[in-house]
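Enquirer: Below you'll find the structure I mean.
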Amino acid sequence: MTEKLSTQEELELLVQKIRRCTVCAAHLPLGPRPVVHLHSEARILIVGQAPGRRVHETGISWDDPSGDRLRDWMGIDRDVFYNVRKIAIMSAGFCYPGRHPRGGDLPPRPECMPLWHPQVLPLLPKIELTILAGTYAQKGYLKSRRKSSLTDTVKHWKSYIPRFLPLPHPSARNIAWFQSNPWFEEEVVPYLRDRVHTILSL
Ligand code: SF4
């Protein structure tokens with residue numbers, strides 16, 4: 001009789017499968033390199049958009065100025081952020097999708113989230129808060145509960161807590177948004193920081 005696998009062992013097997021994924025290889029200019037950081041003990045899940053080129057090269061999610069801003073919002077340093085037993089990270093699309101001809105990166109590949117997220121989530125049973133950074137994460141997780149714009153969705157953040165917290169993507173491309181929506185840094189960021197510190201007992 002074979003022994004039943006632990007949740008962590010099942011998750012490790014799934015991550016091996018994810019790392020071999022080639023489902024949308026034909027659309028990826030640099031080829032598949034799925035970047036995820038997952039552990040069954042994690043208490044917070046961050047769902048972002050898709051790896052940028054730098055993350056494709058390093059294999060480390062949020063290892064860029066957007067990640068610095070997100071860590072600042074969460075009130076944590078890199079050691080806590082990259083402690084996979086505390087914080088799990090997976091994007092709407094796991095591989096770098098390439099550049100848009102008009103600038104910026106292409107959207108995450110649409111095949112990825114419906115294929116992998118429903119397999120990963122049951123193996124993250126301790127998640128108390130899922131941070132939804134940007135439109136694609138919000139579309140995938142809030143579905144019909146999402147408002148008609150990112151601004152409206154983030155403004156209604158209280159209707160999604162405690163399970164989900166929608167955020168704008170922390171990219172420098174959104175600086176104008178941060179400046180024209182000061183309520184975000186006044187109300188949402190302090191809540192996020194408190195919640196992260198409470199969940200992680202910091
Ligand atoms: S983006 Fe997702 S579905 Fe496409 S190859 Fe990478 S892991 Fe597979």
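Going through the structure tokens in order, the chains are called A, B, and so on, while each chain numbers its residues from 1 and the ligands are numbered from 1 in the order shown.
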Could you give me, as a PyMOL selection string, the residues within 10 Å of A:Asp63, counting only C-alpha atoms and dropping anything in the same chain fewer than 2 positions from it?
Expert: chain A and resi 51-52+54-55+58-61+65-68+78+82
Enquirer: Write out as a PyMOL selection string each polymer residue (protein, DNA or RNA) that has an atom no more than 6 Å from ligand 1, with only C-alpha atoms and all ligand atoms counted.
Expert: chain A and resi 18+21-25+32+34+93-95+109+111-112
Enquirer: List every residue of stretch 138-194 of chain A that DSSP, applied to the backbone of this structure, assigns to strand (DSSP E or B), and report them as a PDB file with N, CA and C atoms, in the first residue's frame.
Expert:
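Contents of the output file states-v2.pdb:
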ATOM      1  N   PHE A 164      -9.730  38.646   0.190  1.00  0.00           N
ATOM      2  CA  PHE A 164      -9.019  39.248  -0.944  1.00  0.00           C
ATOM      3  C   PHE A 164      -8.770  40.726  -0.698  1.00  0.00           C
ATOM      4  N   LEU A 165      -7.654  41.215  -1.208  1.00  0.00           N
ATOM      5  CA  LEU A 165      -7.421  42.662  -1.213  1.00  0.00           C
ATOM      6  C   LEU A 165      -6.937  43.067  -2.607  1.00  0.00           C
ATOM      7  N   PRO A 166      -7.792  43.779  -3.367  1.00  0.00           N
ATOM      8  CA  PRO A 166      -7.371  44.229  -4.701  1.00  0.00           C
ATOM      9  C   PRO A 166      -6.494  45.471  -4.585  1.00  0.00           C
ATOM     10  N   LEU A 167      -5.402  45.489  -5.324  1.00  0.00           N
ATOM     11  CA  LEU A 167      -4.479  46.624  -5.343  1.00  0.00           C
ATOM     12  C   LEU A 167      -4.226  47.022  -6.793  1.00  0.00           C
TER      13      LEU A 167
END
Enquirer: Check the smallest atom-to-atom distance from each of A:His197, A:Arg43, A:Ser171, A:Glu187 to A:Asp64 using only C-alpha atoms, then report the winner.
Expert: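 Of A:His197, A:Arg43, A:Ser171, A:Glu187, the one nearest A:Asp64, counting only C-alpha atoms, is A:Ser171.
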Enquirer: State, in Å with one decimal place, the distance from atom CA of A:Gly103 to atom CA of A:Thr130.
Expert: 29.0 Å
Enquirer: Can you work out which one of A:Tyr96, A:Phe184, A:Phe81, A:Tyr136 has the shortest atom-to-atom distance to A:Asp152, counting only C-alpha atoms?
Expert: A:Phe184
Enquirer: Counting only C-alpha atoms, figure out which residue out of A:Thr2, A:Ser40, A:Ser91, A:Thr198 gets nearest to A:Ile127.
Expert: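 Distance minimum relative to A:Ile127 lands on A:Ser40.
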Enquirer: Could you build a table of the residues in stretch 56-141 of chain A lying no more than 12 Å from stretch 10-13 of chain A, giving for each the nearest pair of atoms and their separation in Å rounded to one decimal place, using only C-alpha atoms, ordered by chain and ascending residue number, as a tab-separated table?
Expert:
residue	atom	partner	partner_atom	distance
A:Ala88	CA	A:Leu11	CA	11.9
A:Trp116	CA	A:Leu11	CA	11.7
A:His117	CA	A:Leu11	CA	11.9
A:Gln119	CA	A:Leu11	CA	9.1
A:Val120	CA	A:Leu11	CA	7.1
A:Leu121	CA	A:Leu11	CA	9.6
A:Pro122	CA	A:Leu11	CA	9.3
A:Leu123	CA	A:Leu11	CA	5.9
A:Leu124	CA	A:Leu11	CA	8.3
A:Pro125	CA	A:Leu11	CA	11.0
Enquirer: Would you mind exporting the chosen residues as a tab-separated table (two decimals), in the first residue's frame, restricted to all heavy atoms?
Expert:
chain	number	residue	atom	x	y	z
A	88	ALA	N	3.28	33.07	-0.41
A	88	ALA	CA	3.31	32.37	-1.70
A	88	ALA	C	3.10	33.40	-2.81
A	88	ALA	O	2.37	34.38	-2.62
A	88	ALA	CB	2.21	31.32	-1.75
A	116	TRP	N	-3.72	26.28	-14.14
A	116	TRP	CA	-2.90	25.96	-12.96
A	116	TRP	C	-3.46	26.42	-11.63
A	116	TRP	O	-3.32	25.73	-10.61
A	116	TRP	CB	-1.48	26.51	-13.14
A	116	TRP	CG	-0.70	25.83	-14.22
A	116	TRP	CD1	-0.22	26.39	-15.36
A	116	TRP	CD2	-0.32	24.45	-14.27
A	116	TRP	NE1	0.45	25.45	-16.11
A	116	TRP	CE2	0.39	24.25	-15.47
A	116	TRP	CE3	-0.52	23.36	-13.42
A	116	TRP	CZ2	0.92	23.00	-15.83
A	116	TRP	CZ3	0.01	22.12	-13.77
A	116	TRP	CH2	0.70	21.96	-14.96
A	117	HIS	N	-4.07	27.62	-11.59
A	117	HIS	CA	-4.49	28.12	-10.27
A	117	HIS	C	-5.45	27.17	-9.54
A	117	HIS	O	-5.27	26.94	-8.34
A	117	HIS	CB	-5.09	29.52	-10.40
A	117	HIS	CG	-4.05	30.59	-10.61
A	117	HIS	ND1	-4.02	31.78	-9.88
A	117	HIS	CD2	-2.99	30.67	-11.46
A	117	HIS	CE1	-2.99	32.52	-10.27
A	117	HIS	NE2	-2.37	31.87	-11.25
A	119	GLN	N	-5.51	24.09	-9.54
A	119	GLN	CA	-4.77	22.93	-9.02
A	119	GLN	C	-3.89	23.33	-7.82
A	119	GLN	O	-3.69	22.55	-6.90
A	119	GLN	CB	-3.87	22.34	-10.11
A	119	GLN	CG	-4.65	21.82	-11.32
A	119	GLN	CD	-3.71	21.12	-12.30
A	119	GLN	OE1	-3.10	20.12	-11.97
A	119	GLN	NE2	-3.60	21.66	-13.50
A	120	VAL	N	-3.38	24.57	-7.85
A	120	VAL	CA	-2.49	25.02	-6.78
A	120	VAL	C	-3.28	25.37	-5.51
A	120	VAL	O	-2.87	25.00	-4.39
A	120	VAL	CB	-1.67	26.26	-7.24
A	120	VAL	CG1	-0.90	26.86	-6.07
A	120	VAL	CG2	-0.72	25.90	-8.38
A	121	LEU	N	-4.40	26.07	-5.67
A	121	LEU	CA	-5.08	26.65	-4.50
A	121	LEU	C	-5.45	25.64	-3.41
A	121	LEU	O	-5.23	25.92	-2.22
A	121	LEU	CB	-6.31	27.45	-4.94
A	121	LEU	CG	-5.96	28.72	-5.74
A	121	LEU	CD1	-7.23	29.39	-6.28
A	121	LEU	CD2	-5.18	29.72	-4.89
A	122	PRO	N	-5.95	24.44	-3.75
A	122	PRO	CA	-6.26	23.49	-2.66
A	122	PRO	C	-5.01	23.05	-1.89
A	122	PRO	O	-5.13	22.52	-0.79
A	122	PRO	CB	-6.87	22.29	-3.41
A	122	PRO	CG	-7.24	22.79	-4.75
A	122	PRO	CD	-6.33	23.93	-5.07
A	123	LEU	N	-3.84	23.27	-2.46
A	123	LEU	CA	-2.59	22.85	-1.80
A	123	LEU	C	-1.96	24.00	-1.02
A	123	LEU	O	-0.83	23.90	-0.55
A	123	LEU	CB	-1.62	22.27	-2.84
A	123	LEU	CG	-2.21	21.10	-3.64
A	123	LEU	CD1	-1.24	20.64	-4.72
A	123	LEU	CD2	-2.55	19.93	-2.71
A	124	LEU	N	-2.72	25.11	-0.92
A	124	LEU	CA	-2.30	26.25	-0.07
A	124	LEU	C	-3.40	26.47	0.97
A	124	LEU	O	-4.09	27.50	0.96
A	124	LEU	CB	-2.13	27.52	-0.94
A	124	LEU	CG	-1.09	27.50	-2.05
A	124	LEU	CD1	-1.15	28.80	-2.85
A	124	LEU	CD2	0.31	27.31	-1.48
A	125	PRO	N	-3.59	25.52	1.88
A	125	PRO	CA	-4.78	25.58	2.75
A	125	PRO	C	-4.72	26.63	3.85
A	125	PRO	O	-5.73	26.89	4.50
A	125	PRO	CB	-4.81	24.16	3.37
A	125	PRO	CG	-3.38	23.71	3.33
A	125	PRO	CD	-2.77	24.32	2.10
Enquirer: What's the 9 Å shell around A:Lys86, counting only C-alpha atoms, without same-chain residues fewer than 6 positions away, as a ChimeraX atom specification?
Expert: /A:39,41-45,80,200
